[in-house]
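Colleague: The file below is entry28.cif, mmCIF, C-alpha atoms:
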data_final
#
loop_
_atom_site.label_atom_id
_atom_site.label_comp_id
_atom_site.auth_asym_id
_atom_site.auth_seq_id
_atom_site.Cartn_x
_atom_site.Cartn_y
_atom_site.Cartn_z
CA MET T 1 93.76 47.33 68.75
CA THR T 2 96.02 46.22 71.57
CA ASP T 3 99.48 44.73 71.63
CA PRO T 4 99.78 43.07 75.03
CA HIS T 5 102.67 40.90 74.01
CA GLN T 6 104.62 43.74 72.46
CA LEU T 7 104.81 42.32 68.98
CA LYS T 8 105.99 45.74 67.82
CA GLN T 9 109.42 45.10 69.30
CA TYR T 10 109.97 42.46 66.60
CA ILE T 11 109.38 44.94 63.78
CA ARG T 12 112.48 46.64 62.38
CA ASN T 13 112.17 50.21 61.13
CA VAL T 14 114.11 50.80 57.92
CA VAL T 15 114.35 54.46 56.91
CA ASP T 16 113.93 55.61 53.31
CA PHE T 17 112.79 52.25 51.91
CA PRO T 18 111.66 51.69 49.23
CA LYS T 19 112.08 55.44 48.62
CA PRO T 20 113.08 58.58 50.54
CA GLY T 21 110.65 59.63 53.25
CA ILE T 22 109.16 56.18 53.74
CA MET T 23 109.73 54.25 56.98
CA PHE T 24 109.49 50.58 56.05
CA ARG T 25 108.21 48.20 58.73
CA ASP T 26 110.33 45.07 58.31
CA ILE T 27 108.66 41.91 59.61
CA THR T 28 111.63 39.57 59.13
CA PRO T 29 112.80 39.81 62.79
CA LEU T 30 109.32 38.68 63.85
CA LEU T 31 109.42 35.78 61.38
CA ALA T 32 112.80 34.79 62.75
CA ASN T 33 111.34 34.39 66.23
CA PRO T 34 109.03 31.37 66.40
CA LEU T 35 107.42 32.54 69.66
CA ALA T 36 106.53 35.94 68.21
CA PHE T 37 105.40 34.45 64.89
CA GLY T 38 103.35 31.84 66.74
CA GLU T 39 101.79 34.57 68.85
CA VAL T 40 100.55 36.27 65.67
CA ILE T 41 98.84 33.10 64.48
CA ASP T 42 97.39 32.50 67.96
CA ARG T 43 95.97 36.00 68.04
CA PHE T 44 94.39 35.75 64.59
CA ALA T 45 92.92 32.37 65.48
CA GLU T 46 91.42 33.75 68.70
CA GLU T 47 89.99 36.78 66.96
CA PHE T 48 88.43 34.94 64.03
CA ALA T 49 87.59 31.38 65.14
CA SER T 50 84.04 32.39 66.08
CA ALA T 51 83.48 33.80 62.57
CA LYS T 52 83.92 30.20 61.31
CA PRO T 53 85.82 31.03 58.11
CA THR T 54 85.87 28.25 55.52
CA ALA T 55 88.62 29.90 53.46
CA ILE T 56 91.60 32.12 54.24
CA LEU T 57 92.54 34.31 51.30
CA ALA T 58 95.81 36.20 50.89
CA ALA T 59 97.76 38.00 48.19
CA GLU T 60 101.34 37.08 47.39
CA SER T 61 103.91 37.11 48.82
CA ARG T 62 103.96 38.23 52.43
CA GLY T 63 100.28 37.54 52.99
CA PHE T 64 100.97 33.84 52.34
CA ILE T 65 103.27 33.70 55.36
CA PHE T 66 100.43 34.36 57.80
CA ALA T 67 97.45 33.01 55.89
CA ALA T 68 98.85 29.51 55.34
CA PRO T 69 99.46 28.66 59.03
CA LEU T 70 96.15 30.26 59.97
CA ALA T 71 94.27 28.17 57.39
CA LEU T 72 95.78 25.03 58.88
CA ARG T 73 94.97 26.16 62.41
CA LEU T 74 91.34 26.92 61.59
CA GLY T 75 90.84 23.92 59.27
CA ALA T 76 90.02 26.21 56.35
CA SER T 77 91.05 26.32 52.71
CA PHE T 78 94.05 28.42 51.79
CA VAL T 79 93.31 30.53 48.69
CA PRO T 80 96.18 32.35 46.97
CA VAL T 81 95.63 35.61 45.10
CA ARG T 82 98.45 36.26 42.68
CA LYS T 83 99.90 38.62 40.13
CA PRO T 84 98.78 38.06 36.52
CA GLY T 85 100.10 34.99 34.73
CA LYS T 86 100.98 32.97 37.82
CA LEU T 87 97.82 30.93 38.36
CA PRO T 88 97.45 28.19 35.74
CA HIS T 89 93.71 27.60 35.69
CA LYS T 90 90.98 30.01 34.57
CA THR T 91 91.07 33.21 36.62
CA ARG T 92 89.08 36.29 37.51
CA GLN T 93 91.02 39.58 37.59
CA PHE T 94 90.68 42.81 39.52
CA ARG T 95 92.61 45.95 38.59
CA TYR T 96 93.24 48.65 41.16
CA ASP T 97 94.87 52.06 41.15
CA LEU T 98 98.23 52.84 42.66
CA GLU T 99 99.82 56.22 43.36
CA TYR T 100 101.25 56.04 39.85
CA GLY T 101 99.56 53.64 37.43
CA SER T 102 97.67 50.50 38.35
CA ASP T 103 98.13 46.87 39.32
CA THR T 104 96.14 43.69 38.77
CA LEU T 105 95.52 40.64 40.94
CA GLU T 106 94.05 37.29 39.97
CA MET T 107 92.24 34.44 41.69
CA HIS T 108 91.16 31.08 40.26
CA ILE T 109 87.49 31.21 39.33
CA ASP T 110 86.90 27.94 41.19
CA ALA T 111 88.83 28.96 44.32
CA LEU T 112 85.76 29.90 46.33
CA GLU T 113 82.38 28.26 46.23
CA PRO T 114 79.35 30.53 46.57
CA GLY T 115 78.54 30.66 50.26
CA SER T 116 82.15 30.35 51.37
CA ARG T 117 82.98 32.32 54.51
CA VAL T 118 86.18 34.13 53.68
CA LEU T 119 88.77 35.68 55.96
CA LEU T 120 91.28 37.99 54.27
CA ILE T 121 94.78 38.17 55.75
CA ASP T 122 97.76 40.37 54.95
CA ASP T 123 100.87 41.53 56.72
CA LEU T 124 100.15 45.22 56.19
CA LEU T 125 97.20 47.56 55.82
CA ALA T 126 98.49 50.77 54.24
CA THR T 127 96.27 52.56 51.73
CA GLY T 128 94.30 49.35 51.28
CA GLY T 129 94.55 48.84 47.51
CA THR T 130 95.76 45.24 47.63
CA ILE T 131 93.28 44.09 50.22
CA GLU T 132 90.40 45.87 48.51
CA ALA T 133 91.26 43.91 45.35
CA CYS T 134 91.13 40.69 47.38
CA LEU T 135 87.81 41.76 48.89
CA ARG T 136 86.30 42.41 45.46
CA LEU T 137 87.61 39.11 44.08
CA ALA T 138 86.01 37.28 47.00
CA GLU T 139 82.70 39.12 46.53
CA LEU T 140 82.69 38.47 42.77
CA SER T 141 82.87 34.75 43.61
CA GLY T 142 79.69 35.01 45.65
CA ALA T 143 81.54 34.42 48.92
CA GLU T 144 80.80 36.14 52.20
CA VAL T 145 83.67 38.11 53.73
CA VAL T 146 83.67 37.45 57.48
CA GLY T 147 86.70 39.52 58.46
CA LEU T 148 90.03 41.07 57.59
CA GLY T 149 93.21 40.58 59.62
CA PHE T 150 96.51 42.45 59.42
CA LEU T 151 99.69 42.12 61.38
CA ILE T 152 100.39 45.84 60.93
CA GLU T 153 98.12 48.79 60.25
CA LEU T 154 99.44 52.19 59.19
CA SER T 155 96.36 53.90 60.56
CA PHE T 156 97.45 57.38 59.46
CA LEU T 157 96.89 56.27 55.84
CA GLN T 158 93.23 55.55 56.67
CA GLY T 159 93.10 52.44 54.49
CA ARG T 160 90.35 50.92 56.62
CA LYS T 161 87.87 53.51 55.32
CA ARG T 162 87.66 51.72 51.96
CA LEU T 163 87.09 48.34 53.63
CA GLN T 164 83.82 49.17 55.39
CA PRO T 165 81.64 47.67 56.76
CA HIS T 166 83.76 44.59 57.45
CA ARG T 167 85.34 43.67 60.76
CA ILE T 168 89.03 44.57 60.74
CA VAL T 169 91.61 43.33 63.25
CA SER T 170 95.17 44.61 63.20
CA LEU T 171 97.69 43.51 65.80
CA ILE T 172 100.18 46.38 65.58
CA ASP T 173 99.40 50.00 64.81
CA TYR T 174 101.56 52.88 63.62
CA ASP T 175 99.74 56.21 63.76
CA SER T 176 102.47 58.18 61.98
CA GLU T 177 105.30 57.62 59.53
CA ALA T 178 107.91 58.22 62.26
CA MET L 1 109.76 8.65 47.89
CA THR L 2 106.37 7.24 48.79
CA ASP L 3 102.91 8.74 48.72
CA PRO L 4 100.85 6.54 51.03
CA HIS L 5 98.13 9.13 51.48
CA GLN L 6 97.80 9.80 47.77
CA LEU L 7 98.63 13.46 47.89
CA LYS L 8 98.95 13.36 44.12
CA GLN L 9 95.17 13.24 43.74
CA TYR L 10 95.06 16.85 45.00
CA ILE L 11 97.36 18.10 42.23
CA ARG L 12 95.65 19.40 39.11
CA ASN L 13 97.36 18.90 35.76
CA VAL L 14 97.10 21.94 33.49
CA VAL L 15 98.27 21.35 29.92
CA ASP L 16 100.39 23.86 28.01
CA PHE L 17 101.03 26.19 30.94
CA PRO L 18 102.98 28.47 31.06
CA LYS L 19 103.84 27.49 27.47
CA PRO L 20 103.03 24.76 24.93
CA GLY L 21 104.37 21.31 25.82
CA ILE L 22 104.55 21.97 29.55
CA MET L 23 102.25 20.15 31.96
CA PHE L 24 101.84 22.44 34.95
CA ARG L 25 101.28 20.78 38.34
CA ASP L 26 98.75 23.03 40.08
CA ILE L 27 98.87 22.81 43.88
CA THR L 28 95.83 25.00 44.58
CA PRO L 29 93.41 22.04 45.02
CA LEU L 30 95.74 20.68 47.71
CA LEU L 31 95.89 24.07 49.44
CA ALA L 32 92.09 24.19 49.37
CA ASN L 33 91.89 20.95 51.35
CA PRO L 34 93.05 21.47 54.93
CA LEU L 35 93.49 17.73 55.54
CA ALA L 36 95.75 17.31 52.51
CA PHE L 37 97.66 20.53 53.24
CA GLY L 38 98.04 19.47 56.87
CA GLU L 39 99.31 16.08 55.76
CA VAL L 40 102.10 17.80 53.82
CA ILE L 41 103.23 19.73 56.89
CA ASP L 42 102.97 16.58 59.05
CA ARG L 43 105.12 14.65 56.59
CA PHE L 44 107.80 17.32 56.39
CA ALA L 45 107.85 17.60 60.19
CA GLU L 46 108.25 13.82 60.57
CA GLU L 47 111.01 13.68 57.98
CA PHE L 48 113.05 16.56 59.30
CA ALA L 49 112.41 16.89 63.05
CA SER L 50 115.42 14.72 63.87
CA ALA L 51 117.68 17.01 61.82
CA LYS L 52 116.85 19.72 64.38
CA PRO L 53 116.65 22.66 61.96
CA THR L 54 116.90 26.10 63.55
CA ALA L 55 115.74 27.91 60.42
CA ILE L 56 113.41 27.08 57.53
CA LEU L 57 114.32 28.95 54.38
CA ALA L 58 112.12 29.38 51.32
CA ALA L 59 111.94 31.47 48.16
CA GLU L 60 108.88 33.49 47.28
CA SER L 61 106.06 32.94 46.68
CA ARG L 62 104.88 29.34 46.78
CA GLY L 63 107.71 28.19 49.02
CA PHE L 64 106.39 30.48 51.75
CA ILE L 65 103.12 28.53 51.88
CA PHE L 66 104.82 25.39 53.17
CA ALA L 67 107.85 26.82 54.95
CA ALA L 68 105.89 29.15 57.25
CA PRO L 69 103.68 26.48 58.85
CA LEU L 70 106.64 24.12 59.07
CA ALA L 71 108.76 26.73 60.86
CA LEU L 72 106.00 27.17 63.43
CA ARG L 73 105.62 23.42 63.82
CA LEU L 74 109.33 22.86 64.37
CA GLY L 75 109.92 25.98 66.47
CA ALA L 76 112.40 27.33 63.94
CA SER L 77 112.97 30.71 62.33
CA PHE L 78 111.25 31.41 59.03
CA VAL L 79 113.69 33.01 56.57
CA PRO L 80 112.33 34.50 53.33
CA VAL L 81 114.41 34.58 50.16
CA ARG L 82 113.06 37.16 47.74
CA LYS L 83 113.43 38.76 44.35
CA PRO L 84 115.69 41.83 44.21
CA GLY L 85 114.44 45.03 45.80
CA LYS L 86 111.91 43.43 48.13
CA LEU L 87 113.93 42.98 51.32
CA PRO L 88 114.56 46.31 53.04
CA HIS L 89 117.74 45.61 55.03
CA LYS L 90 121.21 44.83 53.70
CA THR L 91 121.14 41.74 51.51
CA ARG L 92 123.34 39.14 49.89
CA GLN L 93 122.50 38.21 46.29
CA PHE L 94 122.89 35.07 44.21
CA ARG L 95 122.40 35.08 40.45
CA TYR L 96 121.55 31.88 38.62
CA ASP L 97 121.03 30.86 35.02
CA LEU L 98 117.68 30.11 33.46
CA GLU L 99 116.90 28.51 30.12
CA TYR L 100 116.99 32.00 28.64
CA GLY L 101 118.80 34.67 30.66
CA SER L 102 119.27 34.68 34.42
CA ASP L 103 117.52 35.51 37.66
CA THR L 104 118.63 36.80 41.04
CA LEU L 105 117.49 36.04 44.59
CA GLU L 106 118.30 37.90 47.79
CA MET L 107 118.45 37.14 51.50
CA HIS L 108 119.07 39.51 54.41
CA ILE L 109 122.70 39.29 55.48
CA ASP L 110 121.62 38.92 59.12
CA ALA L 111 118.94 36.30 58.39
CA LEU L 112 121.08 33.33 59.41
CA GLU L 113 123.68 33.22 62.14
CA PRO L 114 126.79 31.14 61.45
CA GLY L 115 126.08 27.68 62.80
CA SER L 116 122.38 27.81 61.97
CA ARG L 117 120.91 24.48 60.88
CA VAL L 118 118.92 25.28 57.77
CA LEU L 119 116.14 23.33 56.09
CA LEU L 120 115.22 24.49 52.58
CA ILE L 121 111.60 24.06 51.49
CA ASP L 122 109.89 24.61 48.15
CA ASP L 123 106.76 23.41 46.45
CA LEU L 124 108.58 22.11 43.37
CA LEU L 125 111.94 20.65 42.40
CA ALA L 126 112.26 21.01 38.63
CA THR L 127 115.70 21.84 37.20
CA GLY L 128 116.77 23.08 40.64
CA GLY L 129 117.89 26.62 39.84
CA THR L 130 115.85 28.37 42.50
CA ILE L 131 116.67 25.95 45.27
CA GLU L 132 120.36 25.93 44.38
CA ALA L 133 120.35 29.71 44.76
CA CYS L 134 118.80 29.27 48.22
CA LEU L 135 121.41 26.65 49.06
CA ARG L 136 124.28 28.93 48.09
CA LEU L 137 122.80 31.88 50.01
CA ALA L 138 122.58 29.69 53.11
CA GLU L 139 126.13 28.44 52.69
CA LEU L 140 127.47 31.97 52.11
CA SER L 141 126.02 32.87 55.53
CA GLY L 142 128.06 30.14 57.19
CA ALA L 143 124.97 28.06 57.93
CA GLU L 144 124.76 24.28 57.75
CA VAL L 145 122.15 22.89 55.34
CA VAL L 146 120.48 19.93 57.05
CA GLY L 147 117.99 18.99 54.34
CA LEU L 148 115.82 19.96 51.41
CA GLY L 149 112.09 19.25 51.19
CA PHE L 150 109.77 19.51 48.21
CA LEU L 151 106.09 18.81 47.81
CA ILE L 152 106.64 17.80 44.17
CA GLU L 153 109.68 16.53 42.31
CA LEU L 154 109.84 16.37 38.51
CA SER L 155 112.45 13.65 38.68
CA PHE L 156 112.85 13.41 34.90
CA LEU L 157 114.50 16.84 34.97
CA GLN L 158 117.20 15.49 37.30
CA GLY L 159 117.35 18.65 39.38
CA ARG L 160 118.53 16.73 42.45
CA LYS L 161 121.90 16.10 40.80
CA ARG L 162 122.97 19.70 41.42
CA LEU L 163 121.91 19.55 45.09
CA GLN L 164 124.27 16.82 46.20
CA PRO L 165 125.28 15.68 48.79
CA HIS L 166 122.32 16.95 50.81
CA ARG L 167 119.37 14.90 51.99
CA ILE L 168 116.36 15.50 49.72
CA VAL L 169 112.77 14.54 50.54
CA SER L 170 109.99 14.96 48.01
CA LEU L 171 106.45 13.85 48.73
CA ILE L 172 105.11 13.49 45.20
CA ASP L 173 107.05 12.40 42.12
CA TYR L 174 106.41 12.79 38.41
CA ASP L 175 108.84 10.80 36.31
CA SER L 176 107.67 12.22 32.98
CA GLU L 177 105.99 15.32 31.57
CA ALA L 178 102.80 13.40 30.84
#
Reformat the file's structure so that it appears as structure tokens.

Modeller:
Amino acid sequence: MTDPHQLKQYIRNVVDFPKPGIMFRDITPLLANPLAFGEVIDRFAEEFASAKPTAILAAESRGFIFAAPLALRLGASFVPVRKPGKLPHKTRQFRYDLEYGSDTLEMHIDALEPGSRVLLIDDLLATGGTIEACLRLAELSGAEVVGLGFLIELSFLQGRKRLQPHRIVSLIDYDSEA
Amino acid sequence: MTDPHQLKQYIRNVVDFPKPGIMFRDITPLLANPLAFGEVIDRFAEEFASAKPTAILAAESRGFIFAAPLALRLGASFVPVRKPGKLPHKTRQFRYDLEYGSDTLEMHIDALEPGSRVLLIDDLLATGGTIEACLRLAELSGAEVVGLGFLIELSFLQGRKRLQPHRIVSLIDYDSEA
């Protein structure tokens, strides 16, 4: 995990958001800078081109921002995973636990053909609940997961443990809340 | 409004979604086809390059899918407009009326500098409530709106009336619910 082009300088730290004690990593300054944003897509493309993904899968909303340009770059399908009730065709659901309660994500049942080579993309790897739901939805479709890419990893939350044994690439790391 | 490359064939019609009597225009088959998806970005880029936008603004979630690649293509900032409580920095809000009740969208107050040239992108122009909220948020920032682009326009709902006098480009038109 290296950051030769100092992408971290485009991340704004917002204290106590969304609740006290949490340092939120705000990606909007990076999105505002087309060179920095383009660098992110370049890096993902370099890391994953050799895995020959046929589909890039991402959960709404921020995951879409990186997965859509990457799908176009790699000539792959873009597959949205959404909150319940948003996708109009027949869906498969996966429910996952949160700190308090649970959440559910959906994917169209015809979004991935068996044998698809799927790359999962999100802006952030924290505890890994969202991306694990995406992983399970992809596996339930009979697809092969060929990698997972994150702009930011909060490595102190150890979310990557639940994503084994897949290849994980994150471009920016924070090893503490500070 | 022309569709020489027959983008409409990649839109799936889903009857009675999200409620009886509504024909939902499902864009996921288009997103699954990188040539069709790429064609959309090419078309938007051709239509709007000469307007020299410095920022591409879109509301979550589906707007992000088209605005992010277009921002990269045109070398412009990508500016997300989100539902309340999602953006961590100081925001400006705009509330707009729905058929029943109202909804609110937010943008970071520092997302657009005065004098920015803003292009608004969304997947769908229906009655125009969401995009009008984006338009007002851009104007409240002192930015100049240089155009509005939609993948799909439901022209029978006459949403473009409330978006005058701006230039509007839509790539696919439906002139009735059927």

Colleague: Chain L superposed on chain T over all ordered C-alpha pairs, least squares: can you write that as a compact mmCIF listing (two decimals) with C-alpha atoms, in the frame of the given file?

Modeller:
# COMPACT_ATOMS: atom_id res chain seq x y z
CA MET L 1 93.76 47.31 68.75
CA THR L 2 96.00 46.23 71.59
CA ASP L 3 99.47 44.74 71.65
CA PRO L 4 99.78 43.12 75.07
CA HIS L 5 102.67 40.92 74.04
CA GLN L 6 104.61 43.76 72.47
CA LEU L 7 104.81 42.33 69.01
CA LYS L 8 106.00 45.72 67.83
CA GLN L 9 109.44 45.10 69.32
CA TYR L 10 109.99 42.46 66.62
CA ILE L 11 109.40 44.94 63.78
CA ARG L 12 112.49 46.64 62.40
CA ASN L 13 112.19 50.20 61.14
CA VAL L 14 114.12 50.82 57.92
CA VAL L 15 114.36 54.47 56.89
CA ASP L 16 113.92 55.63 53.30
CA PHE L 17 112.81 52.27 51.91
CA PRO L 18 111.65 51.72 49.20
CA LYS L 19 112.06 55.47 48.62
CA PRO L 20 113.06 58.61 50.54
CA GLY L 21 110.62 59.66 53.27
CA ILE L 22 109.15 56.19 53.75
CA MET L 23 109.73 54.26 56.97
CA PHE L 24 109.51 50.60 56.05
CA ARG L 25 108.21 48.21 58.73
CA ASP L 26 110.34 45.08 58.31
CA ILE L 27 108.67 41.91 59.60
CA THR L 28 111.64 39.58 59.12
CA PRO L 29 112.81 39.81 62.78
CA LEU L 30 109.33 38.67 63.84
CA LEU L 31 109.41 35.77 61.37
CA ALA L 32 112.80 34.78 62.75
CA ASN L 33 111.34 34.38 66.24
CA PRO L 34 109.03 31.36 66.41
CA LEU L 35 107.41 32.53 69.66
CA ALA L 36 106.52 35.93 68.21
CA PHE L 37 105.40 34.45 64.88
CA GLY L 38 103.35 31.85 66.74
CA GLU L 39 101.77 34.58 68.84
CA VAL L 40 100.55 36.27 65.65
CA ILE L 41 98.85 33.10 64.46
CA ASP L 42 97.38 32.49 67.94
CA ARG L 43 95.96 36.00 68.02
CA PHE L 44 94.39 35.76 64.58
CA ALA L 45 92.91 32.36 65.46
CA GLU L 46 91.41 33.74 68.69
CA GLU L 47 89.98 36.77 66.94
CA PHE L 48 88.42 34.95 64.03
CA ALA L 49 87.58 31.39 65.13
CA SER L 50 84.04 32.39 66.06
CA ALA L 51 83.47 33.80 62.55
CA LYS L 52 83.90 30.22 61.31
CA PRO L 53 85.82 31.02 58.11
CA THR L 54 85.88 28.25 55.51
CA ALA L 55 88.62 29.89 53.46
CA ILE L 56 91.60 32.13 54.23
CA LEU L 57 92.54 34.31 51.30
CA ALA L 58 95.81 36.20 50.88
CA ALA L 59 97.77 38.00 48.19
CA GLU L 60 101.35 37.10 47.39
CA SER L 61 103.92 37.11 48.81
CA ARG L 62 103.96 38.23 52.42
CA GLY L 63 100.28 37.52 52.97
CA PHE L 64 100.96 33.84 52.33
CA ILE L 65 103.27 33.69 55.36
CA PHE L 66 100.43 34.35 57.80
CA ALA L 67 97.44 33.00 55.89
CA ALA L 68 98.86 29.50 55.34
CA PRO L 69 99.46 28.66 59.02
CA LEU L 70 96.15 30.25 59.95
CA ALA L 71 94.26 28.16 57.39
CA LEU L 72 95.78 25.02 58.88
CA ARG L 73 94.97 26.16 62.40
CA LEU L 74 91.34 26.91 61.57
CA GLY L 75 90.82 23.92 59.27
CA ALA L 76 90.00 26.20 56.35
CA SER L 77 91.03 26.32 52.71
CA PHE L 78 94.04 28.43 51.79
CA VAL L 79 93.30 30.53 48.69
CA PRO L 80 96.18 32.34 46.97
CA VAL L 81 95.63 35.61 45.11
CA ARG L 82 98.46 36.26 42.68
CA LYS L 83 99.91 38.62 40.13
CA PRO L 84 98.79 38.04 36.53
CA GLY L 85 100.11 34.97 34.73
CA LYS L 86 100.98 32.96 37.83
CA LEU L 87 97.82 30.92 38.37
CA PRO L 88 97.46 28.19 35.76
CA HIS L 89 93.69 27.60 35.70
CA LYS L 90 90.96 30.01 34.59
CA THR L 91 91.08 33.19 36.64
CA ARG L 92 89.10 36.28 37.53
CA GLN L 93 91.02 39.57 37.58
CA PHE L 94 90.68 42.80 39.52
CA ARG L 95 92.61 45.93 38.58
CA TYR L 96 93.23 48.64 41.14
CA ASP L 97 94.85 52.05 41.14
CA LEU L 98 98.22 52.84 42.65
CA GLU L 99 99.81 56.20 43.34
CA TYR L 100 101.24 56.03 39.84
CA GLY L 101 99.55 53.63 37.41
CA SER L 102 97.65 50.49 38.35
CA ASP L 103 98.12 46.87 39.30
CA THR L 104 96.14 43.69 38.76
CA LEU L 105 95.53 40.63 40.94
CA GLU L 106 94.04 37.29 39.98
CA MET L 107 92.23 34.43 41.69
CA HIS L 108 91.15 31.07 40.27
CA ILE L 109 87.48 31.20 39.34
CA ASP L 110 86.88 27.92 41.19
CA ALA L 111 88.84 28.95 44.30
CA LEU L 112 85.76 29.89 46.33
CA GLU L 113 82.37 28.26 46.22
CA PRO L 114 79.36 30.56 46.58
CA GLY L 115 78.53 30.66 50.26
CA SER L 116 82.14 30.35 51.37
CA ARG L 117 82.99 32.31 54.51
CA VAL L 118 86.18 34.14 53.67
CA LEU L 119 88.78 35.68 55.96
CA LEU L 120 91.29 37.99 54.27
CA ILE L 121 94.79 38.16 55.75
CA ASP L 122 97.76 40.37 54.94
CA ASP L 123 100.87 41.52 56.72
CA LEU L 124 100.15 45.22 56.19
CA LEU L 125 97.20 47.57 55.83
CA ALA L 126 98.51 50.77 54.25
CA THR L 127 96.28 52.57 51.73
CA GLY L 128 94.30 49.35 51.27
CA GLY L 129 94.57 48.84 47.52
CA THR L 130 95.77 45.25 47.61
CA ILE L 131 93.31 44.09 50.22
CA GLU L 132 90.41 45.85 48.50
CA ALA L 133 91.27 43.92 45.34
CA CYS L 134 91.14 40.70 47.38
CA LEU L 135 87.82 41.77 48.87
CA ARG L 136 86.29 42.40 45.46
CA LEU L 137 87.61 39.10 44.07
CA ALA L 138 85.99 37.28 46.99
CA GLU L 139 82.70 39.12 46.54
CA LEU L 140 82.69 38.48 42.77
CA SER L 141 82.84 34.75 43.60
CA GLY L 142 79.67 35.01 45.65
CA ALA L 143 81.54 34.43 48.91
CA GLU L 144 80.80 36.13 52.21
CA VAL L 145 83.68 38.11 53.73
CA VAL L 146 83.68 37.44 57.47
CA GLY L 147 86.70 39.53 58.46
CA LEU L 148 90.03 41.08 57.60
CA GLY L 149 93.20 40.58 59.63
CA PHE L 150 96.49 42.44 59.43
CA LEU L 151 99.70 42.11 61.38
CA ILE L 152 100.40 45.84 60.94
CA GLU L 153 98.13 48.79 60.27
CA LEU L 154 99.46 52.20 59.20
CA SER L 155 96.38 53.89 60.57
CA PHE L 156 97.47 57.37 59.48
CA LEU L 157 96.90 56.30 55.87
CA GLN L 158 93.24 55.57 56.67
CA GLY L 159 93.12 52.47 54.50
CA ARG L 160 90.35 50.93 56.62
CA LYS L 161 87.88 53.52 55.33
CA ARG L 162 87.65 51.74 51.97
CA LEU L 163 87.08 48.34 53.63
CA GLN L 164 83.84 49.16 55.39
CA PRO L 165 81.62 47.67 56.76
CA HIS L 166 83.76 44.60 57.44
CA ARG L 167 85.34 43.66 60.75
CA ILE L 168 89.04 44.58 60.74
CA VAL L 169 91.62 43.32 63.25
CA SER L 170 95.18 44.60 63.23
CA LEU L 171 97.71 43.51 65.81
CA ILE L 172 100.19 46.36 65.59
CA ASP L 173 99.42 50.01 64.84
CA TYR L 174 101.56 52.89 63.64
CA ASP L 175 99.74 56.19 63.76
CA SER L 176 102.46 58.17 61.99
CA GLU L 177 105.32 57.63 59.55
CA ALA L 178 107.91 58.23 62.26

Colleague: Fewer than 2 positions away in the same chain doesn't count, so skip those; otherwise give me all residues within 6 Å of range 149-153 of chain T, counting all atoms listed in the file, as a VMD selection string.

Modeller: chain T and resid 121 to 125 155 168 to 173

Colleague: Applied to the shown file, which residues does the PyMOL selection byres ((chain L and resi 91) around 8) return, written as a list in words?

Modeller: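 When the PyMOL selection byres ((chain L and resi 91) around 8) is applied, the selected residues are Leu87, His89, Lys90, Arg92, Gln93, Glu106, Met107, His108 and Ile109 of chain L.
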
Colleague: Might you pull out every residue within 9 Å of Glu132 in chain T, with all atoms listed in the file counted and same-chain residues fewer than 5 positions away left off, and present them as a ChimeraX atom specification?

Modeller: /T:96,137,162-163

Colleague: Counting all atoms listed in the file, which residues of chain L fall within 6 Å of chain T, and what is the closest atom pair for each with its distance in Å at one decimal, ordered by chain and rising number, as a tab-separated table?

Modeller:
residue	atom	partner	partner_atom	distance
L:Leu31	CA	T:Phe78	CA	5.3
L:Ala32	CA	T:Ser77	CA	4.1
L:Asn33	CA	T:Ser77	CA	5.6
L:Pro34	CA	T:Gly75	CA	5.5
L:Ser61	CA	T:Ser61	CA	5.2
L:Phe64	CA	T:Ile65	CA	5.8
L:Ile65	CA	T:Ala68	CA	5.6
L:Ala68	CA	T:Ile65	CA	5.6
L:Pro69	CA	T:Pro69	CA	4.8
L:Leu72	CA	T:Pro34	CA	6.0
L:Gly75	CA	T:Pro34	CA	5.5
L:Ala76	CA	T:Pro34	CA	5.8
L:Ser77	CA	T:Ala32	CA	4.1
L:Phe78	CA	T:Ala32	CA	5.3

Colleague: CA of Ile22 in chain T to CA of Ser102 in chain T: how many Å, to one decimal?

Modeller: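 Interatomic distance here is 20.0 Å.
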
Colleague: So how many Å separate CA of Ala51 in chain L and CA of Leu105 in chain L, to one decimal?

Modeller: 25.7 Å

Colleague: Excluding Ala138 in chain L and residues on its chain fewer than 3 positions from it, collect all residues at most 9 Å away from it, counting all atoms listed in the file, and give them as an mmCIF file with C-alpha atoms, keeping the file's coordinate frame.

Modeller:
data_model
loop_
_atom_site.group_PDB
_atom_site.id
_atom_site.type_symbol
_atom_site.label_atom_id
_atom_site.label_comp_id
_atom_site.auth_asym_id
_atom_site.auth_seq_id
_atom_site.Cartn_x
_atom_site.Cartn_y
_atom_site.Cartn_z
ATOM 1 C CA LEU L 57 114.320 28.950 54.380
ATOM 2 C CA MET L 107 118.450 37.140 51.500
ATOM 3 C CA LEU L 112 121.080 33.330 59.410
ATOM 4 C CA VAL L 118 118.920 25.280 57.770
ATOM 5 C CA ALA L 133 120.350 29.710 44.760
ATOM 6 C CA CYS L 134 118.800 29.270 48.220
ATOM 7 C CA LEU L 135 121.410 26.650 49.060
ATOM 8 C CA SER L 141 126.020 32.870 55.530
ATOM 9 C CA GLY L 142 128.060 30.140 57.190
ATOM 10 C CA ALA L 143 124.970 28.060 57.930
ATOM 11 C CA GLU L 144 124.760 24.280 57.750
ATOM 12 C CA VAL L 145 122.150 22.890 55.340
#
